[in-house]
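Shown next: work-v3.pdb, containing PDB, C-alpha atoms.
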```pdb
ATOM      1  CA  MET B 193      32.774 -74.457 165.769
ATOM      2  CA  ILE B 194      31.038 -72.955 168.785
ATOM      3  CA  GLY B 195      34.054 -73.444 171.029
ATOM      4  CA  SER B 196      36.210 -71.401 168.717
ATOM      5  CA  LEU B 197      33.598 -68.642 168.691
ATOM      6  CA  LEU B 198      33.384 -68.680 172.471
ATOM      7  CA  TYR B 199      37.050 -67.790 172.626
ATOM      8  CA  LEU B 200      36.389 -64.905 170.268
ATOM      9  CA  THR B 201      33.889 -63.391 172.692
ATOM     10  CA  ALA B 202      36.909 -62.378 174.804
ATOM     11  CA  SER B 203      37.201 -59.288 172.644
ATOM     12  CA  ARG B 204      33.852 -59.295 170.858
ATOM     13  CA  PRO B 205      30.888 -58.533 173.120
ATOM     14  CA  ASP B 206      28.738 -57.992 170.015
ATOM     15  CA  ILE B 207      28.537 -61.701 169.159
ATOM     16  CA  LEU B 208      28.194 -62.896 172.747
ATOM     17  CA  PHE B 209      24.428 -63.343 172.726
ATOM     18  CA  SER B 210      24.215 -65.180 169.403
ATOM     19  CA  VAL B 211      27.115 -67.483 170.274
ATOM     20  CA  CYS B 212      25.584 -68.317 173.656
ATOM     21  CA  LEU B 213      22.211 -69.007 172.060
ATOM     22  CA  CYS B 214      23.763 -71.341 169.491
ATOM     23  CA  ALA B 215      25.804 -73.075 172.177
ATOM     24  CA  ARG B 216      22.591 -74.362 173.766
ATOM     25  CA  PHE B 217      21.982 -76.620 170.776
ATOM     26  CA  GLN B 218      25.389 -78.199 170.700
ATOM     27  CA  SER B 219      24.270 -81.574 171.985
ATOM     28  CA  ASP B 220      21.918 -82.189 169.053
ATOM     29  CA  PRO B 221      22.626 -79.723 166.253
ATOM     30  CA  ARG B 222      20.232 -79.630 163.303
ATOM     31  CA  GLU B 223      20.396 -78.006 159.931
ATOM     32  CA  ASN B 224      18.719 -74.751 160.932
ATOM     33  CA  HIS B 225      21.109 -74.390 163.865
ATOM     34  CA  LEU B 226      24.000 -74.727 161.458
ATOM     35  CA  THR B 227      22.502 -71.947 159.350
ATOM     36  CA  ALA B 228      22.479 -69.739 162.437
ATOM     37  CA  PHE B 229      26.130 -70.612 163.206
ATOM     38  CA  LYS B 230      27.071 -69.732 159.664
ATOM     39  CA  ARG B 231      25.338 -66.402 159.913
ATOM     40  CA  ILE B 232      27.636 -65.480 162.805
ATOM     41  CA  PHE B 233      30.618 -66.258 160.593
ATOM     42  CA  ARG B 234      29.155 -64.176 157.789
ATOM     43  CA  TYR B 235      28.844 -61.296 160.212
ATOM     44  CA  LEU B 236      32.446 -61.823 161.324
ATOM     45  CA  LYS B 237      33.574 -61.782 157.713
ATOM     46  CA  GLY B 238      32.503 -58.152 157.420
ATOM     47  CA  THR B 239      33.824 -57.134 160.818
ATOM     48  CA  THR B 240      37.103 -59.007 161.252
ATOM     49  CA  ASN B 241      39.058 -56.095 162.643
ATOM     50  CA  LEU B 242      36.525 -54.880 165.171
ATOM     51  CA  GLY B 243      37.929 -54.391 168.638
ATOM     52  CA  VAL B 244      37.239 -52.800 172.000
ATOM     53  CA  LEU B 245      38.834 -49.409 172.560
ATOM     54  CA  TYR B 246      40.203 -48.467 175.955
ATOM     55  CA  LYS B 247      40.667 -44.740 176.232
ATOM     56  CA  LYS B 248      43.183 -43.115 178.492
ATOM     57  CA  SER B 249      41.489 -41.425 181.427
ATOM     58  CA  SER B 250      41.793 -40.919 185.132
ATOM     59  CA  ASP B 251      38.074 -41.470 185.649
ATOM     60  CA  TYR B 252      37.638 -44.552 187.837
ATOM     61  CA  LYS B 253      33.909 -44.603 188.319
ATOM     62  CA  LEU B 254      32.238 -47.992 188.163
ATOM     63  CA  VAL B 255      28.933 -48.193 186.329
ATOM     64  CA  GLY B 256      26.793 -51.261 185.731
ATOM     65  CA  PHE B 257      24.034 -51.987 183.241
ATOM     66  CA  GLY B 258      21.593 -54.822 183.765
ATOM     67  CA  ASP B 259      18.886 -55.911 181.360
ATOM     68  CA  ALA B 260      16.686 -58.934 180.820
ATOM     69  CA  ASP B 261      14.603 -60.395 178.051
ATOM     70  CA  TYR B 262      11.464 -61.916 179.485
ATOM     71  CA  ALA B 263      10.823 -65.512 178.401
ATOM     72  CA  GLY B 264      13.237 -65.181 175.497
ATOM     73  CA  ASP B 265      13.862 -68.897 175.465
ATOM     74  CA  ARG B 266      11.170 -70.571 173.339
ATOM     75  CA  ILE B 267      11.458 -74.044 174.754
ATOM     76  CA  GLU B 268      11.571 -73.615 178.500
ATOM     77  CA  ARG B 269      10.318 -70.013 178.638
ATOM     78  CA  LYS B 270      13.290 -68.981 180.702
ATOM     79  CA  SER B 271      14.430 -65.385 180.617
ATOM     80  CA  THR B 272      17.830 -64.168 179.480
ATOM     81  CA  SER B 273      19.811 -61.748 181.561
ATOM     82  CA  GLY B 274      22.585 -59.573 180.223
ATOM     83  CA  ASN B 275      24.844 -57.171 181.986
ATOM     84  CA  CYS B 276      27.935 -55.117 181.392
ATOM     85  CA  GLN B 277      30.178 -53.003 183.572
ATOM     86  CA  PHE B 278      32.133 -49.870 182.724
ATOM     87  CA  LEU B 279      35.093 -48.305 184.489
ATOM     88  CA  GLY B 280      34.897 -44.670 183.562
ATOM     89  CA  GLU B 281      33.886 -44.877 179.913
ATOM     90  CA  ASN B 282      35.700 -48.117 179.202
ATOM     91  CA  LEU B 283      33.921 -51.434 178.938
ATOM     92  CA  ILE B 284      35.561 -53.915 181.282
ATOM     93  CA  SER B 285      33.178 -56.812 181.688
ATOM     94  CA  TRP B 286      30.158 -58.290 179.931
ATOM     95  CA  ALA B 287      27.916 -61.299 180.401
ATOM     96  CA  SER B 288      24.870 -62.961 178.900
ATOM     97  CA  LYS B 289      23.114 -65.751 180.719
ATOM     98  CA  ARG B 290      19.894 -67.684 180.535
ATOM     99  CA  LEU B 291      18.379 -67.624 183.999
ATOM    100  CA  ALA B 292      18.251 -70.865 185.939
ATOM    101  CA  THR B 293      14.703 -70.259 187.121
ATOM    102  CA  ILE B 294      11.616 -69.234 185.211
ATOM    103  CA  ALA B 295      10.669 -65.651 185.966
ATOM    104  CA  LEU B 296       6.967 -64.930 186.331
ATOM    105  CA  SER B 297       7.154 -61.281 185.342
ATOM    106  CA  THR B 298       9.402 -58.864 183.481
ATOM    107  CA  ALA B 299      10.168 -57.122 186.756
ATOM    108  CA  GLU B 300      11.329 -60.367 188.309
ATOM    109  CA  ALA B 301      13.621 -61.105 185.367
ATOM    110  CA  GLU B 302      15.092 -57.598 185.504
ATOM    111  CA  TYR B 303      15.477 -57.853 189.257
ATOM    112  CA  ILE B 304      17.463 -61.091 189.018
ATOM    113  CA  SER B 305      19.562 -59.580 186.264
ATOM    114  CA  ALA B 306      20.341 -56.526 188.401
ATOM    115  CA  ALA B 307      21.324 -58.863 191.241
ATOM    116  CA  SER B 308      23.820 -60.686 189.043
ATOM    117  CA  CYS B 309      25.191 -57.359 187.839
ATOM    118  CA  CYS B 310      25.545 -56.430 191.489
ATOM    119  CA  THR B 311      27.704 -59.461 192.332
ATOM    120  CA  GLN B 312      30.128 -58.572 189.549
ATOM    121  CA  LEU B 313      30.279 -54.937 190.645
ATOM    122  CA  LEU B 314      30.960 -55.883 194.256
ATOM    123  CA  TRP B 315      33.860 -58.060 193.160
ATOM    124  CA  MET B 316      35.264 -55.199 191.094
ATOM    125  CA  LYS B 317      34.838 -52.840 193.994
ATOM    126  CA  HIS B 318      36.984 -55.120 196.156
ATOM    127  CA  GLN B 319      39.601 -55.378 193.419
ATOM    128  CA  LEU B 320      39.760 -51.596 193.065
ATOM    129  CA  GLU B 321      40.254 -51.192 196.787
ATOM    130  CA  ASP B 322      43.649 -52.856 196.325
ATOM    131  CA  TYR B 323      44.574 -49.861 194.185
ATOM    132  CA  GLN B 324      43.309 -47.426 196.821
ATOM    133  CA  ILE B 325      40.245 -46.610 194.747
ATOM    134  CA  THR B 326      37.146 -46.723 196.870
ATOM    135  CA  GLU B 327      33.787 -46.683 195.233
ATOM    136  CA  SER B 328      30.515 -45.862 196.886
ATOM    137  CA  CYS B 329      27.007 -45.540 195.515
ATOM    138  CA  ILE B 330      27.861 -47.489 192.351
ATOM    139  CA  PRO B 331      25.047 -46.910 189.871
ATOM    140  CA  ILE B 332      23.347 -49.873 188.206
ATOM    141  CA  TYR B 333      21.152 -48.864 185.300
ATOM    142  CA  CYS B 334      17.965 -50.801 184.917
ATOM    143  CA  ASP B 335      15.089 -50.085 182.519
ATOM    144  CA  ASN B 336      12.294 -51.435 184.666
ATOM    145  CA  THR B 337      10.789 -49.229 187.382
ATOM    146  CA  ALA B 338       9.039 -52.106 189.126
ATOM    147  CA  ALA B 339      12.373 -53.884 189.581
ATOM    148  CA  ILE B 340      13.931 -50.687 190.959
ATOM    149  CA  CYS B 341      11.085 -50.279 193.470
ATOM    150  CA  LEU B 342      11.473 -53.922 194.447
ATOM    151  CA  SER B 343      15.126 -53.323 195.325
ATOM    152  CA  LYS B 344      14.295 -50.292 197.473
ATOM    153  CA  ASN B 345      11.477 -51.672 199.588
ATOM    154  CA  PRO B 346       9.410 -54.823 199.671
ATOM    155  CA  ILE B 347       6.304 -53.726 197.824
ATOM    156  CA  LEU B 348       4.111 -55.746 195.413
ATOM    157  CA  HIS B 349       4.234 -58.449 197.951
ATOM    158  CA  SER B 350       1.721 -60.843 196.485
ATOM    159  CA  ARG B 351       3.515 -60.914 193.148
ATOM    160  CA  ALA B 352       7.053 -60.866 194.458
ATOM    161  CA  LYS B 353       7.024 -63.051 197.519
ATOM    162  CA  HIS B 354       8.185 -66.141 195.686
ATOM    163  CA  ILE B 355      11.470 -64.600 194.516
ATOM    164  CA  GLU B 356      14.328 -66.531 196.022
ATOM    165  CA  ILE B 357      16.300 -65.085 198.887
ATOM    166  CA  LYS B 358      19.561 -65.131 196.979
ATOM    167  CA  HIS B 359      18.237 -62.493 194.610
ATOM    168  CA  HIS B 360      17.280 -60.222 197.481
ATOM    169  CA  PHE B 361      20.790 -59.589 198.657
ATOM    170  CA  ILE B 362      20.897 -56.593 196.325
ATOM    171  CA  ARG B 363      18.324 -54.950 198.609
ATOM    172  CA  ASP B 364      20.768 -55.081 201.479
ATOM    173  CA  TYR B 365      23.479 -53.342 199.465
ATOM    174  CA  VAL B 366      21.103 -50.666 198.256
ATOM    175  CA  GLN B 367      20.130 -49.933 201.841
ATOM    176  CA  LYS B 368      23.767 -49.706 202.897
ATOM    177  CA  GLY B 369      24.376 -47.216 200.116
ATOM    178  CA  VAL B 370      26.975 -49.323 198.337
ATOM    179  CA  LEU B 371      24.863 -49.581 195.212
ATOM    180  CA  ASP B 372      22.356 -47.267 193.686
ATOM    181  CA  ILE B 373      19.843 -48.554 191.170
ATOM    182  CA  GLN B 374      18.849 -45.927 188.650
ATOM    183  CA  PHE B 375      16.390 -45.822 185.814
ATOM    184  CA  ILE B 376      17.505 -45.616 182.207
ATOM    185  CA  ASP B 377      15.202 -45.722 179.208
ATOM    186  CA  THR B 378      15.323 -48.807 177.029
ATOM    187  CA  ASP B 379      16.900 -46.907 174.125
ATOM    188  CA  HIS B 380      19.991 -46.137 176.148
ATOM    189  CA  GLN B 381      20.195 -49.503 177.865
ATOM    190  CA  ARG B 382      23.557 -50.815 176.678
ATOM    191  CA  ALA B 383      23.040 -54.327 178.055
ATOM    192  CA  ASP B 384      20.195 -54.825 175.537
ATOM    193  CA  ILE B 385      22.671 -56.329 173.066
ATOM    194  CA  PHE B 386      23.305 -59.256 175.438
ATOM    195  CA  THR B 387      19.683 -60.299 175.786
ATOM    196  CA  LYS B 388      18.122 -60.529 172.330
ATOM    197  CA  PRO B 389      18.879 -60.307 168.606
ATOM    198  CA  LEU B 390      18.569 -56.690 167.468
ATOM    199  CA  THR B 391      17.967 -54.757 164.273
ATOM    200  CA  VAL B 392      20.914 -53.309 162.355
ATOM    201  CA  GLU B 393      20.483 -49.689 163.513
ATOM    202  CA  ARG B 394      20.065 -50.562 167.158
ATOM    203  CA  PHE B 395      22.878 -53.105 167.008
ATOM    204  CA  ASN B 396      25.325 -50.575 165.564
ATOM    205  CA  PHE B 397      24.207 -47.897 168.015
ATOM    206  CA  ILE B 398      24.920 -50.096 171.045
ATOM    207  CA  LYS B 399      28.181 -51.301 169.525
ATOM    208  CA  LYS B 400      29.322 -47.690 169.347
ATOM    209  CA  ASN B 401      28.260 -47.119 172.952
ATOM    210  CA  LEU B 402      30.265 -50.156 174.038
ATOM    211  CA  ASN B 403      33.385 -48.491 172.583
ATOM    212  CA  MET B 404      33.731 -50.989 169.762
ATOM    213  CA  HIS B 405      35.656 -49.591 166.819
ATOM    214  CA  PHE B 406      37.384 -50.819 163.713
ATOM    215  CA  VAL B 407      41.112 -51.143 164.154
ATOM    216  CA  SER B 408      43.203 -49.861 161.292
ATOM    217  CA  GLU B 409      46.076 -52.200 160.553
TER     218      GLU B 409
ATOM    219  CA  MET Y  40      57.027 -56.497 180.372
ATOM    220  CA  SER Y  41      59.132 -53.480 179.501
ATOM    221  CA  MET Y  42      62.127 -55.722 178.843
ATOM    222  CA  MET Y  43      60.250 -57.442 176.036
ATOM    223  CA  GLY Y  44      59.184 -54.268 174.312
ATOM    224  CA  GLU Y  45      55.682 -53.099 173.601
ATOM    225  CA  LEU Y  46      52.900 -55.627 174.191
ATOM    226  CA  LYS Y  47      51.406 -56.551 170.824
ATOM    227  CA  PHE Y  48      50.127 -60.099 171.063
ATOM    228  CA  PHE Y  49      48.959 -62.055 174.081
ATOM    229  CA  LEU Y  50      47.106 -65.402 174.110
ATOM    230  CA  GLY Y  51      45.823 -64.813 170.591
ATOM    231  CA  ILE Y  52      44.537 -61.389 171.507
ATOM    232  CA  GLN Y  53      46.098 -58.502 169.652
ATOM    233  CA  ILE Y  54      46.773 -55.224 171.378
ATOM    234  CA  ASN Y  55      47.277 -51.993 169.471
ATOM    235  CA  GLN Y  56      48.529 -49.079 171.480
ATOM    236  CA  CYS Y  57      47.997 -45.780 169.726
ATOM    237  CA  LYS Y  58      47.439 -42.134 170.482
ATOM    238  CA  ASP Y  59      43.730 -42.244 171.277
ATOM    239  CA  GLY Y  60      43.909 -45.362 173.449
ATOM    240  CA  VAL Y  61      44.446 -49.098 173.471
ATOM    241  CA  TYR Y  62      42.621 -51.356 171.023
ATOM    242  CA  VAL Y  63      42.048 -54.979 172.019
ATOM    243  CA  HIS Y  64      41.017 -57.166 169.128
ATOM    244  CA  GLN Y  65      41.346 -60.658 167.615
ATOM    245  CA  SER Y  66      41.374 -60.004 163.885
ATOM    246  CA  LYS Y  67      44.100 -62.539 163.211
ATOM    247  CA  TYR Y  68      42.180 -65.214 165.096
ATOM    248  CA  THR Y  69      38.941 -64.322 163.277
ATOM    249  CA  LYS Y  70      40.656 -64.623 159.901
ATOM    250  CA  GLU Y  71      42.087 -67.990 160.871
ATOM    251  CA  LEU Y  72      38.638 -69.194 161.922
ATOM    252  CA  LEU Y  73      37.100 -68.164 158.603
ATOM    253  CA  LYS Y  74      39.878 -70.022 156.813
ATOM    254  CA  LYS Y  75      39.494 -73.103 159.017
ATOM    255  CA  PHE Y  76      35.782 -73.434 158.304
ATOM    256  CA  LYS Y  77      36.267 -72.474 154.634
ATOM    257  CA  LEU Y  78      33.958 -69.486 154.899
ATOM    258  CA  GLU Y  79      36.344 -66.825 153.557
ATOM    259  CA  ASP Y  80      34.218 -66.208 150.479
ATOM    260  CA  CYS Y  81      30.813 -66.039 152.131
ATOM    261  CA  LYS Y  82      28.495 -63.059 151.862
ATOM    262  CA  GLU Y  83      28.802 -60.433 154.574
ATOM    263  CA  MET Y  84      26.069 -59.709 157.095
ATOM    264  CA  ASN Y  85      25.319 -56.671 159.237
ATOM    265  CA  THR Y  86      24.229 -58.491 162.376
ATOM    266  CA  PRO Y  87      25.137 -61.905 163.800
ATOM    267  CA  MET Y  88      21.522 -62.986 164.108
ATOM    268  CA  HIS Y  89      18.180 -62.189 162.498
ATOM    269  CA  PRO Y  90      16.018 -60.010 164.818
ATOM    270  CA  THR Y  91      13.139 -62.472 164.702
ATOM    271  CA  CYS Y  92      15.260 -65.595 164.824
ATOM    272  CA  THR Y  93      13.918 -68.318 167.060
ATOM    273  CA  LEU Y  94      15.848 -71.523 167.474
ATOM    274  CA  SER Y  95      14.283 -74.460 169.165
ATOM    275  CA  LYS Y  96      15.219 -77.977 170.037
ATOM    276  CA  GLU Y  97      12.269 -79.780 168.493
ATOM    277  CA  ASP Y  98      13.064 -78.478 165.048
ATOM    278  CA  GLN Y  99      12.738 -80.930 162.249
ATOM    279  CA  GLY Y 100      15.620 -81.271 159.874
ATOM    280  CA  SER Y 101      18.438 -83.655 159.448
ATOM    281  CA  LYS Y 102      21.146 -84.050 162.033
ATOM    282  CA  VAL Y 103      24.351 -82.318 161.065
ATOM    283  CA  ASP Y 104      26.783 -83.700 163.582
TER     284      ASP Y 104
END
```
Reformat the file's structure so that it appears as structure tokens.
Amino acid sequence: MIGSLLYLTASRPDILFSVCLCARFQSDPRENHLTAFKRIFRYLKGTTNLGVLYKKSSDYKLVGFGDADYAGDRIERKSTSGNCQFLGENLISWASKRLATIALSTAEAEYISAASCCTQLLWMKHQLEDYQITESCIPIYCDNTAAICLSKNPILHSRAKHIEIKHHFIRDYVQKGVLDIQFIDTDHQRADIFTKPLTVERFNFIKKNLNMHFVSE
Amino acid sequence: MSMMGELKFFLGIQINQCKDGVYVHQSKYTKELLKKFKLEDCKEMNTPMHPTCTLSKEDQGSKVD
């Protein structure tokens, strides 16, 4: 059941978070998990012909969004990170992942999430160079000011000194000017949909921002 | 690709090319899934998960697998 839904996430970023959450209980599924699986299908029933729209444009500007939900996982208190990347106004990549380590603060969770968004963006940057498109100062939108400060200089040392080195490589790229971390308010954070279950209004708002539209047959 | 005509279907993913852009969707696959799990007549929902939904491992309830 979950495997077939995972394949569907190839064109449906809206169900990515819920499918990934359900997938964690695959080894020992209980009745209430099954109810949650079924709810995804009930949602799909109403939105069968939803798809991602790619508009024609000559705008090749990479933009990344990185968000995190602090301690969203009830059992191990691990945070969930979600990120998505746009080329121009078209959505090209999306991800939702439960972090491997337990974050001690919201800023730390957001910081790790921005770092994983950064790796994806760097890969895309290299790919685009093959098409003679060079990107510089790629913006990553993050809704946590503490995490942005952390990427610019090593402040808050007592609270941030335990963060693993691998997450700090983003700092290097910010200093080189390859990436630029910018603030965006939570309402306009498009990666929110990949980190937690949302209300109907918010869910539909982000879906629209991700360029998801109904396809007329 | 041009020899085979317009790209419409690829690895189960449907591609609609129209005036305002390219739509990438899997409606056929979704319909097949609903049929496979016999959920074609279920009630529709607005979101895939309840906003306050919390799933945990220790939940009581009978095993379903």
Exercise for review: Run through the PyMOL selection byres ((chain B) within 8 of (chain Y)) on the given coordinates and return the selected residues as a VMD selection string.
Suggested key: chain B and resid 196 200 203 to 204 207 210 217 220 to 226 228 231 to 238 240 to 248 266 to 267 388 to 392 395 407
Review point. Which of these, B:Pro205, B:Pro331, B:Gly280, B:Gly256, has the shortest distance to B:Thr387 once you count only C-alpha atoms?
Key: B:Pro205
Practice item. Taking the file above as input, evaluate the PyMOL selection byres ((chain B and resi 303) around 8) and report the hits as a ChimeraX atom specification. Key: /B:299-302,304-307,339-340,342-343,359
Review point. Any idea what's packed within 7 Å of stretch 257-265 of chain B, counting only C-alpha atoms, ignoring anything in its chain fewer than 2 positions away? Could you give it as a list in words?
Key: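 So the residues in contact are Val255, Ile267, Glu268, Arg269, Lys270, Ser271, Thr272, Ser273, Gly274, Asn275, Cys276, Gln277, Thr298, Ala301, Glu302, Ser305, Ala306, Cys309, Ile332, Tyr333, Cys334, Arg382, Ala383, Asp384, Thr387 and Lys388 of chain B.
With distances restricted to only C-alpha atoms, B:Ser328 is the closest residue to B:Leu371 from B:Ser328, B:Thr239, B:Ser219, B:Ser249.
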Practice item. Please provide the set of residues having any atom within 10 Å of B:Thr326, restricted to all atoms listed in the file, with same-chain residues fewer than 4 positions apart removed, written as a PyMOL selection string. Key: chain B and resi 252-253+317-322
Could you turn the residues from that selection into a file that holds C-alpha atoms, as a PDB file, in the frame of the given file?
```pdb
ATOM      1  CA  TYR B 252      37.638 -44.552 187.837  1.00  0.00           C
ATOM      2  CA  LYS B 253      33.909 -44.603 188.319  1.00  0.00           C
ATOM      3  CA  LYS B 317      34.838 -52.840 193.994  1.00  0.00           C
ATOM      4  CA  HIS B 318      36.984 -55.120 196.156  1.00  0.00           C
ATOM      5  CA  GLN B 319      39.601 -55.378 193.419  1.00  0.00           C
ATOM      6  CA  LEU B 320      39.760 -51.596 193.065  1.00  0.00           C
ATOM      7  CA  GLU B 321      40.254 -51.192 196.787  1.00  0.00           C
ATOM      8  CA  ASP B 322      43.649 -52.856 196.325  1.00  0.00           C
TER       9      ASP B 322
END
```
Check your understanding: Just how far from atom CA of B:Ile385 is atom CA of B:Leu198, in Å to one decimal?
Key -> 16.4 Å
Review point. Pick from B:Arg216, B:Glu327, B:Phe229, B:Asp206: nearest to B:Met193, with all atoms listed in the file counted?
Key: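 Selected residue with least distance to B:Met193: B:Phe229.
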Exercise for review: Show which residues sit within 9 Å of B:Asp377, as a list in words. Count all atoms listed in the file, and ignore same-chain residues fewer than 3 positions away.
Suggested key: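 Result of the neighbour search: Cys334, Asp335, Asn336, His380 and Gln381 of chain B.
Distance-wise, atom CA of B:Arg363 and atom CA of B:Lys344 end up 6.3 Å apart.
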Point to revise | Interatomic distance, atom CA of B:Phe361 to atom CA of B:Thr337 (Å, one decimal) | key: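 We find that atom CA of B:Phe361 and atom CA of B:Thr337 lie 18.3 Å from each other.
Considering only C-alpha atoms, the residue among B:Gln324, B:Thr378, B:Tyr365, B:Lys353 positioned nearest to B:Arg394 is B:Thr378.
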